[in-house]
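Worksheet for the structure shown next.
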Amino acid sequence: MEIRVLRYFLAIAREETITGAANHLHMTQPTLSRQIKDLEEELGQKLLVRGSHRVKLTPEGMLFRKRAEEIISMVDKTEAEFTSMEQTISGDIYIGGGETEAVRLVAEIIKDIQNAYPGIHYHLYSGNAEDVTERLDKGLLDFGILIEPADFSKYDSVKIPAKDVWGVVMRKDSPLAGKTSIRKEDLWNVPLICSRQAMQHGRSGEFAEWFGEDLEKANVVTTFNLVYNAAILVDAGIGYAVTIDKLANTKDSSSLCFRPLEPKLESGLVIVWKKYQMFSSAASLFLERLQEAFEEQ
């Protein structure tokens with residue numbers, strides 16, 4: 001299986017026509033069709049369903065697309081790392097993490113590095129802890145930002161000198177908006193919009209632990225992965241979003257407000273990377289600056 005054939009397949013998946021993909025790749029349609037047919041024979045699976053106007057991916061084709069994207073991403077990342085070795089410090093740094101205000105601290109480090117090394121480029125991936133650690137383990141990310149508590153045994157880490165404060169985002173005209181803080185009993189009989197990570201009992205479910213056994217009785221009407229989408233649901237009057245502060249727009253001009261939980265619930269944050277990781281020169285510089293900035297604090 002050759003890398004170029006993976007790129008051919010991804011072009012077809014993207015264009016949804018073999019003719020369109022062939023034009024994009026500057027090759028003939030029969031040649032491209034033959035390459036994909038050989039690929040299907042090599043895998044022993046049918047990847048495409050050819051229609052009169054468009055092609056669709058089979059279930060096996062959708063799985064292969066995901067794997068091909070991961071392989072190509074790793075190839076491109078590796079080529080960029082070796083290319084950067086021949087130049088002044090440059091290259092690409094891949095950072096994954098959930099939504100958190102603490103990214104501002106990381107942004108300050110990036111800004112300082114950017115002034116001296118404009119050839120370094122940064123790629124941010126948003127996802128929950130499971131998504132981030134999976135991509136870290138596959139080598140698709142250099143660094144991950146995780147919320148404590150979590151299992152860091154497979155990684156080296158440095159603690160970010162900041163904490164996320166948990167609370168509830170609600171409409172300013174809602175009954176609970178008149179309170180300065182929100183207790184567990186305030187949430188028993190209202191529709192809740194919760195992040196999937198917060199709902200997990202155990203090491204990463206801070207809100208679940210705070211709420212206790214009564215969480216099973218709570219009226220969770222929606223779960224979410226990104227706070228931006230949750231805030232839209234809150235504004236539409238669907239419910240109250242349990243999240244961390246400073247992510248949703250709760251400024252004076254907004255129709256929403258934030259109220260912290262009582263007792264106060266905070267989460268620490270950690271930047272992690274694989275143990276014994278061989279970094280590019282760009283990633284090594286970034287790590288050095290991270291450690292200088294955060295370990296001193």
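Identifiers for the structure tokens are assigned positionally: chains receive A, B, ... in sequence, residues are indexed from 1 per chain, and ligands are indexed from 1 in the order shown.
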Problem set entry | Residue contacts of segment 223-231 of chain A (7 Å, only C-alpha atoms) excluding same-chain residues fewer than 5 positions away, as a VMD selection string | chain A and resid 193 to 196 241 247 to 248
Output file for the selection above: C-alpha atoms, as a short mmCIF file (atom, residue, chain, number, x, y, z; two decimals), in the first residue's frame:
```
data_model
loop_
_atom_site.label_atom_id
_atom_site.label_comp_id
_atom_site.auth_asym_id
_atom_site.auth_seq_id
_atom_site.Cartn_x
_atom_site.Cartn_y
_atom_site.Cartn_z
CA ILE A 193 -27.25 20.94 29.60
CA CYS A 194 -24.03 19.15 30.61
CA SER A 195 -20.74 18.30 28.95
CA ARG A 196 -20.28 14.57 28.45
CA ALA A 241 -25.52 24.73 30.95
CA LEU A 247 -15.97 30.25 27.76
CA ALA A 248 -19.51 31.35 26.93
#
```
For this session: Based on DSSP run over this structure's backbone, return all residues of segment 181-273 of chain A in strand (DSSP E or B), as a list in words.
Result: Ile182, Leu192, Ile193, Cys194, Ser195, Val220, Val221, Thr222, Thr223, Phe224, Tyr240, Ala241, Val242, Thr243, Ile244, Leu256, Cys257, Phe258, Arg259, Pro260, Leu261, Glu266, Ser267, Gly268, Leu269, Val270, Ile271, Val272 and Trp273 of chain A
List as JSON lines every residue of segment 142-203 of chain A that is in contact with segment 260-271 of chain A, defined as an atom at most 8 Å from one of its atoms (using only C-alpha atoms), together with the nearest atom pair and the distance in Å rounded to one decimal, sorted by chain and then rising number.
```
{"residue": "A:Phe143", "atom": "CA", "partner": "A:Ile271", "partner_atom": "CA", "distance": 6.6}
{"residue": "A:Gly144", "atom": "CA", "partner": "A:Ile271", "partner_atom": "CA", "distance": 5.5}
{"residue": "A:Ile145", "atom": "CA", "partner": "A:Ile271", "partner_atom": "CA", "distance": 4.5}
{"residue": "A:Leu146", "atom": "CA", "partner": "A:Val270", "partner_atom": "CA", "distance": 5.4}
{"residue": "A:Ile147", "atom": "CA", "partner": "A:Leu269", "partner_atom": "CA", "distance": 4.7}
{"residue": "A:Glu148", "atom": "CA", "partner": "A:Gly268", "partner_atom": "CA", "distance": 5.1}
{"residue": "A:Pro149", "atom": "CA", "partner": "A:Gly268", "partner_atom": "CA", "distance": 7.6}
{"residue": "A:Ser157", "atom": "CA", "partner": "A:Ile271", "partner_atom": "CA", "distance": 5.5}
{"residue": "A:Val158", "atom": "CA", "partner": "A:Ile271", "partner_atom": "CA", "distance": 5.5}
{"residue": "A:Lys159", "atom": "CA", "partner": "A:Val270", "partner_atom": "CA", "distance": 4.4}
{"residue": "A:Ile160", "atom": "CA", "partner": "A:Val270", "partner_atom": "CA", "distance": 5.4}
{"residue": "A:Pro161", "atom": "CA", "partner": "A:Leu269", "partner_atom": "CA", "distance": 7.8}
{"residue": "A:Ala162", "atom": "CA", "partner": "A:Gly268", "partner_atom": "CA", "distance": 6.6}
{"residue": "A:Lys163", "atom": "CA", "partner": "A:Gly268", "partner_atom": "CA", "distance": 4.7}
{"residue": "A:Asp164", "atom": "CA", "partner": "A:Ser267", "partner_atom": "CA", "distance": 5.1}
{"residue": "A:Val165", "atom": "CA", "partner": "A:Glu266", "partner_atom": "CA", "distance": 4.6}
{"residue": "A:Trp166", "atom": "CA", "partner": "A:Leu265", "partner_atom": "CA", "distance": 5.5}
{"residue": "A:Gly167", "atom": "CA", "partner": "A:Pro260", "partner_atom": "CA", "distance": 3.9}
{"residue": "A:Val168", "atom": "CA", "partner": "A:Pro260", "partner_atom": "CA", "distance": 6.3}
{"residue": "A:Thr180", "atom": "CA", "partner": "A:Pro260", "partner_atom": "CA", "distance": 7.5}
{"residue": "A:Ser181", "atom": "CA", "partner": "A:Pro260", "partner_atom": "CA", "distance": 5.1}
{"residue": "A:Ile182", "atom": "CA", "partner": "A:Leu261", "partner_atom": "CA", "distance": 4.8}
{"residue": "A:Arg183", "atom": "CA", "partner": "A:Glu262", "partner_atom": "CA", "distance": 5.1}
{"residue": "A:Lys184", "atom": "CA", "partner": "A:Glu262", "partner_atom": "CA", "distance": 7.8}
```
For this session: Please give the complete set of residues from segment 68-295 of chain A that DSSP, run on the backbone, assigns to alpha helix (DSSP H), formatted as a PyMOL selection string.
Result: chain A and resi 68-84+103-116+129-137+206-211+227-235+281-295
Written selection (C-alpha atoms) as a PDB file, in the first residue's frame:
```pdb
ATOM      1  CA  ALA A  68      -5.805   7.071   5.712  1.00  0.00           C
ATOM      2  CA  GLU A  69      -6.244  10.591   7.122  1.00  0.00           C
ATOM      3  CA  GLU A  70      -4.289   9.592  10.241  1.00  0.00           C
ATOM      4  CA  ILE A  71      -1.482   8.043   8.161  1.00  0.00           C
ATOM      5  CA  ILE A  72      -1.211  11.033   5.817  1.00  0.00           C
ATOM      6  CA  SER A  73      -1.236  13.416   8.779  1.00  0.00           C
ATOM      7  CA  MET A  74       1.649  11.498  10.343  1.00  0.00           C
ATOM      8  CA  VAL A  75       3.584  11.416   7.058  1.00  0.00           C
ATOM      9  CA  ASP A  76       3.157  15.168   6.532  1.00  0.00           C
ATOM     10  CA  LYS A  77       4.164  15.852  10.125  1.00  0.00           C
ATOM     11  CA  THR A  78       7.286  13.689   9.818  1.00  0.00           C
ATOM     12  CA  GLU A  79       8.340  15.284   6.531  1.00  0.00           C
ATOM     13  CA  ALA A  80       7.882  18.753   8.034  1.00  0.00           C
ATOM     14  CA  GLU A  81       9.999  17.815  11.060  1.00  0.00           C
ATOM     15  CA  PHE A  82      12.912  16.593   8.933  1.00  0.00           C
ATOM     16  CA  THR A  83      12.647  19.575   6.599  1.00  0.00           C
ATOM     17  CA  SER A  84      12.822  21.943   9.574  1.00  0.00           C
ATOM     18  CA  VAL A 103      -5.068  28.529  26.776  1.00  0.00           C
ATOM     19  CA  ARG A 104      -4.382  32.271  27.133  1.00  0.00           C
ATOM     20  CA  LEU A 105      -1.258  31.416  29.137  1.00  0.00           C
ATOM     21  CA  VAL A 106      -0.115  29.070  26.384  1.00  0.00           C
ATOM     22  CA  ALA A 107      -0.926  31.780  23.828  1.00  0.00           C
ATOM     23  CA  GLU A 108       1.445  34.184  25.596  1.00  0.00           C
ATOM     24  CA  ILE A 109       4.288  31.677  25.188  1.00  0.00           C
ATOM     25  CA  ILE A 110       3.394  31.136  21.531  1.00  0.00           C
ATOM     26  CA  LYS A 111       3.417  34.903  20.952  1.00  0.00           C
ATOM     27  CA  ASP A 112       6.894  35.271  22.496  1.00  0.00           C
ATOM     28  CA  ILE A 113       8.259  32.408  20.380  1.00  0.00           C
ATOM     29  CA  GLN A 114       6.588  33.732  17.240  1.00  0.00           C
ATOM     30  CA  ASN A 115       8.408  37.041  17.476  1.00  0.00           C
ATOM     31  CA  ALA A 116      11.802  35.309  17.390  1.00  0.00           C
ATOM     32  CA  ALA A 129      -9.505  14.059  27.270  1.00  0.00           C
ATOM     33  CA  GLU A 130     -10.185  10.764  25.488  1.00  0.00           C
ATOM     34  CA  ASP A 131      -9.808  12.362  22.043  1.00  0.00           C
ATOM     35  CA  VAL A 132      -6.619  14.183  23.010  1.00  0.00           C
ATOM     36  CA  THR A 133      -4.849  11.215  24.629  1.00  0.00           C
ATOM     37  CA  GLU A 134      -5.760   8.963  21.689  1.00  0.00           C
ATOM     38  CA  ARG A 135      -4.136  11.396  19.266  1.00  0.00           C
ATOM     39  CA  LEU A 136      -1.148  11.831  21.590  1.00  0.00           C
ATOM     40  CA  ASP A 137      -0.626   8.062  21.709  1.00  0.00           C
ATOM     41  CA  GLU A 206     -15.798  16.795  38.472  1.00  0.00           C
ATOM     42  CA  PHE A 207     -19.409  17.908  38.305  1.00  0.00           C
ATOM     43  CA  ALA A 208     -20.683  14.346  38.737  1.00  0.00           C
ATOM     44  CA  GLU A 209     -18.640  14.005  41.916  1.00  0.00           C
ATOM     45  CA  TRP A 210     -19.801  17.423  43.160  1.00  0.00           C
ATOM     46  CA  PHE A 211     -23.455  16.595  42.536  1.00  0.00           C
ATOM     47  CA  VAL A 227     -19.562  25.245  24.993  1.00  0.00           C
ATOM     48  CA  TYR A 228     -20.312  27.505  22.031  1.00  0.00           C
ATOM     49  CA  ASN A 229     -23.100  25.174  20.920  1.00  0.00           C
ATOM     50  CA  ALA A 230     -24.360  24.745  24.495  1.00  0.00           C
ATOM     51  CA  ALA A 231     -24.646  28.529  24.903  1.00  0.00           C
ATOM     52  CA  ILE A 232     -26.895  28.675  21.843  1.00  0.00           C
ATOM     53  CA  LEU A 233     -29.197  26.105  23.456  1.00  0.00           C
ATOM     54  CA  VAL A 234     -29.255  28.081  26.707  1.00  0.00           C
ATOM     55  CA  ASP A 235     -30.111  31.278  24.831  1.00  0.00           C
ATOM     56  CA  SER A 281      13.523  21.377  17.144  1.00  0.00           C
ATOM     57  CA  ALA A 282      10.393  23.550  17.157  1.00  0.00           C
ATOM     58  CA  ALA A 283       8.549  21.361  19.680  1.00  0.00           C
ATOM     59  CA  SER A 284      11.677  21.132  21.856  1.00  0.00           C
ATOM     60  CA  LEU A 285      11.902  24.924  21.963  1.00  0.00           C
ATOM     61  CA  PHE A 286       8.205  25.193  22.824  1.00  0.00           C
ATOM     62  CA  LEU A 287       8.599  22.683  25.672  1.00  0.00           C
ATOM     63  CA  GLU A 288      11.628  24.529  27.007  1.00  0.00           C
ATOM     64  CA  ARG A 289       9.681  27.798  27.093  1.00  0.00           C
ATOM     65  CA  LEU A 290       6.690  26.064  28.715  1.00  0.00           C
ATOM     66  CA  GLN A 291       8.840  24.696  31.507  1.00  0.00           C
ATOM     67  CA  GLU A 292      10.580  28.016  32.052  1.00  0.00           C
ATOM     68  CA  ALA A 293       7.273  29.876  32.276  1.00  0.00           C
ATOM     69  CA  PHE A 294       5.202  27.414  34.312  1.00  0.00           C
ATOM     70  CA  GLU A 295       7.612  25.545  36.575  1.00  0.00           C
TER      71      GLU A 295
END
```
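Across the structure, atom CA of Phe152 of chain A and atom CA of Ala102 of chain A are spaced 18.7 Å apart.
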Exercise. Can you tell me, as an NGL selection string, what residues are no more than 12 Å from Ile12 of chain A when counting only C-alpha atoms, ignoring any on the same chain fewer than 3 positions away?
Worked result: :A and (5-9 or 15-25 or 29 or 32-33 or 35-36 or 47-50 or 54-57 or 61 or 65)
The selected residues should be written to file as a PDB file, in the first residue's frame (atoms: N, CA and C atoms).
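In the end it all went to result.pdb:
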```pdb
ATOM      1  N   VAL A   5      -1.318   6.378  -3.108  1.00  0.00           N
ATOM      2  CA  VAL A   5      -2.634   5.794  -3.354  1.00  0.00           C
ATOM      3  C   VAL A   5      -3.604   6.220  -2.247  1.00  0.00           C
ATOM      4  N   LEU A   6      -3.099   6.349  -1.027  1.00  0.00           N
ATOM      5  CA  LEU A   6      -3.949   6.857   0.053  1.00  0.00           C
ATOM      6  C   LEU A   6      -4.416   8.272  -0.274  1.00  0.00           C
ATOM      7  N   ARG A   7      -3.508   9.075  -0.828  1.00  0.00           N
ATOM      8  CA  ARG A   7      -3.887  10.443  -1.217  1.00  0.00           C
ATOM      9  C   ARG A   7      -4.921  10.405  -2.351  1.00  0.00           C
ATOM     10  N   TYR A   8      -4.782   9.475  -3.274  1.00  0.00           N
ATOM     11  CA  TYR A   8      -5.775   9.331  -4.340  1.00  0.00           C
ATOM     12  C   TYR A   8      -7.149   9.023  -3.753  1.00  0.00           C
ATOM     13  N   PHE A   9      -7.190   8.062  -2.828  1.00  0.00           N
ATOM     14  CA  PHE A   9      -8.467   7.664  -2.233  1.00  0.00           C
ATOM     15  C   PHE A   9      -9.102   8.840  -1.491  1.00  0.00           C
ATOM     16  N   GLU A  15     -13.901  14.785  -3.139  1.00  0.00           N
ATOM     17  CA  GLU A  15     -14.574  15.316  -4.324  1.00  0.00           C
ATOM     18  C   GLU A  15     -15.908  14.624  -4.604  1.00  0.00           C
ATOM     19  N   GLU A  16     -16.040  13.368  -4.118  1.00  0.00           N
ATOM     20  CA  GLU A  16     -17.245  12.538  -4.314  1.00  0.00           C
ATOM     21  C   GLU A  16     -17.469  12.160  -5.774  1.00  0.00           C
ATOM     22  N   THR A  17     -16.482  12.399  -6.613  1.00  0.00           N
ATOM     23  CA  THR A  17     -16.521  11.898  -7.999  1.00  0.00           C
ATOM     24  C   THR A  17     -15.101  11.510  -8.381  1.00  0.00           C
ATOM     25  N   ILE A  18     -14.988  10.448  -9.172  1.00  0.00           N
ATOM     26  CA  ILE A  18     -13.661  10.037  -9.626  1.00  0.00           C
ATOM     27  C   ILE A  18     -13.126  11.033 -10.649  1.00  0.00           C
ATOM     28  N   THR A  19     -14.024  11.569 -11.494  1.00  0.00           N
ATOM     29  CA  THR A  19     -13.592  12.552 -12.495  1.00  0.00           C
ATOM     30  C   THR A  19     -13.069  13.814 -11.820  1.00  0.00           C
ATOM     31  N   GLY A  20     -13.806  14.295 -10.814  1.00  0.00           N
ATOM     32  CA  GLY A  20     -13.369  15.493 -10.104  1.00  0.00           C
ATOM     33  C   GLY A  20     -12.043  15.284  -9.403  1.00  0.00           C
ATOM     34  N   ALA A  21     -11.872  14.108  -8.795  1.00  0.00           N
ATOM     35  CA  ALA A  21     -10.621  13.807  -8.110  1.00  0.00           C
ATOM     36  C   ALA A  21      -9.469  13.708  -9.109  1.00  0.00           C
ATOM     37  N   ALA A  22      -9.744  13.088 -10.260  1.00  0.00           N
ATOM     38  CA  ALA A  22      -8.707  12.950 -11.283  1.00  0.00           C
ATOM     39  C   ALA A  22      -8.251  14.316 -11.779  1.00  0.00           C
ATOM     40  N   ASN A  23      -9.206  15.237 -11.972  1.00  0.00           N
ATOM     41  CA  ASN A  23      -8.847  16.591 -12.406  1.00  0.00           C
ATOM     42  C   ASN A  23      -8.004  17.284 -11.339  1.00  0.00           C
ATOM     43  N   HIS A  24      -8.374  17.109 -10.090  1.00  0.00           N
ATOM     44  CA  HIS A  24      -7.627  17.725  -8.992  1.00  0.00           C
ATOM     45  C   HIS A  24      -6.206  17.168  -8.907  1.00  0.00           C
ATOM     46  N   LEU A  25      -6.084  15.873  -9.192  1.00  0.00           N
ATOM     47  CA  LEU A  25      -4.782  15.207  -9.087  1.00  0.00           C
ATOM     48  C   LEU A  25      -3.963  15.293 -10.373  1.00  0.00           C
ATOM     49  N   GLN A  29      -8.903   9.806 -15.609  1.00  0.00           N
ATOM     50  CA  GLN A  29      -9.913   9.083 -14.835  1.00  0.00           C
ATOM     51  C   GLN A  29      -9.707   7.565 -14.878  1.00  0.00           C
ATOM     52  N   LEU A  32      -6.860   6.638 -12.454  1.00  0.00           N
ATOM     53  CA  LEU A  32      -7.265   6.743 -11.054  1.00  0.00           C
ATOM     54  C   LEU A  32      -8.186   5.587 -10.678  1.00  0.00           C
ATOM     55  N   SER A  33      -9.131   5.252 -11.546  1.00  0.00           N
ATOM     56  CA  SER A  33     -10.055   4.138 -11.273  1.00  0.00           C
ATOM     57  C   SER A  33      -9.290   2.836 -11.088  1.00  0.00           C
ATOM     58  N   GLN A  35      -6.170   2.477 -10.076  1.00  0.00           N
ATOM     59  CA  GLN A  35      -5.432   2.527  -8.809  1.00  0.00           C
ATOM     60  C   GLN A  35      -6.341   2.174  -7.632  1.00  0.00           C
ATOM     61  N   ILE A  36      -7.568   2.684  -7.643  1.00  0.00           N
ATOM     62  CA  ILE A  36      -8.501   2.407  -6.537  1.00  0.00           C
ATOM     63  C   ILE A  36      -8.977   0.956  -6.592  1.00  0.00           C
ATOM     64  N   LEU A  47     -14.499  -0.388  -1.196  1.00  0.00           N
ATOM     65  CA  LEU A  47     -14.419   0.898  -0.495  1.00  0.00           C
ATOM     66  C   LEU A  47     -15.403   1.927  -1.032  1.00  0.00           C
ATOM     67  N   LEU A  48     -15.773   1.790  -2.308  1.00  0.00           N
ATOM     68  CA  LEU A  48     -16.630   2.788  -2.951  1.00  0.00           C
ATOM     69  C   LEU A  48     -17.836   2.138  -3.607  1.00  0.00           C
ATOM     70  N   VAL A  49     -18.961   2.865  -3.578  1.00  0.00           N
ATOM     71  CA  VAL A  49     -20.138   2.495  -4.360  1.00  0.00           C
ATOM     72  C   VAL A  49     -20.255   3.526  -5.473  1.00  0.00           C
ATOM     73  N   ARG A  50     -20.082   3.096  -6.700  1.00  0.00           N
ATOM     74  CA  ARG A  50     -20.052   4.017  -7.834  1.00  0.00           C
ATOM     75  C   ARG A  50     -21.456   4.215  -8.375  1.00  0.00           C
ATOM     76  N   ARG A  54     -22.237  10.319  -8.620  1.00  0.00           N
ATOM     77  CA  ARG A  54     -21.319  10.458  -7.490  1.00  0.00           C
ATOM     78  C   ARG A  54     -20.939   9.079  -6.956  1.00  0.00           C
ATOM     79  N   VAL A  55     -19.852   9.067  -6.209  1.00  0.00           N
ATOM     80  CA  VAL A  55     -19.467   7.841  -5.507  1.00  0.00           C
ATOM     81  C   VAL A  55     -19.687   8.048  -4.016  1.00  0.00           C
ATOM     82  N   LYS A  56     -20.044   6.979  -3.338  1.00  0.00           N
ATOM     83  CA  LYS A  56     -20.225   7.022  -1.894  1.00  0.00           C
ATOM     84  C   LYS A  56     -19.286   6.014  -1.241  1.00  0.00           C
ATOM     85  N   LEU A  57     -18.912   6.284  -0.022  1.00  0.00           N
ATOM     86  CA  LEU A  57     -18.064   5.363   0.710  1.00  0.00           C
ATOM     87  C   LEU A  57     -18.897   4.258   1.337  1.00  0.00           C
ATOM     88  N   GLY A  61     -15.154   1.718   3.576  1.00  0.00           N
ATOM     89  CA  GLY A  61     -14.505   2.893   3.017  1.00  0.00           C
ATOM     90  C   GLY A  61     -14.422   4.034   4.017  1.00  0.00           C
ATOM     91  N   ARG A  65     -11.059   5.639   5.294  1.00  0.00           N
ATOM     92  CA  ARG A  65     -10.814   7.090   5.173  1.00  0.00           C
ATOM     93  C   ARG A  65     -10.219   7.641   6.467  1.00  0.00           C
TER      94      ARG A  65
END
```
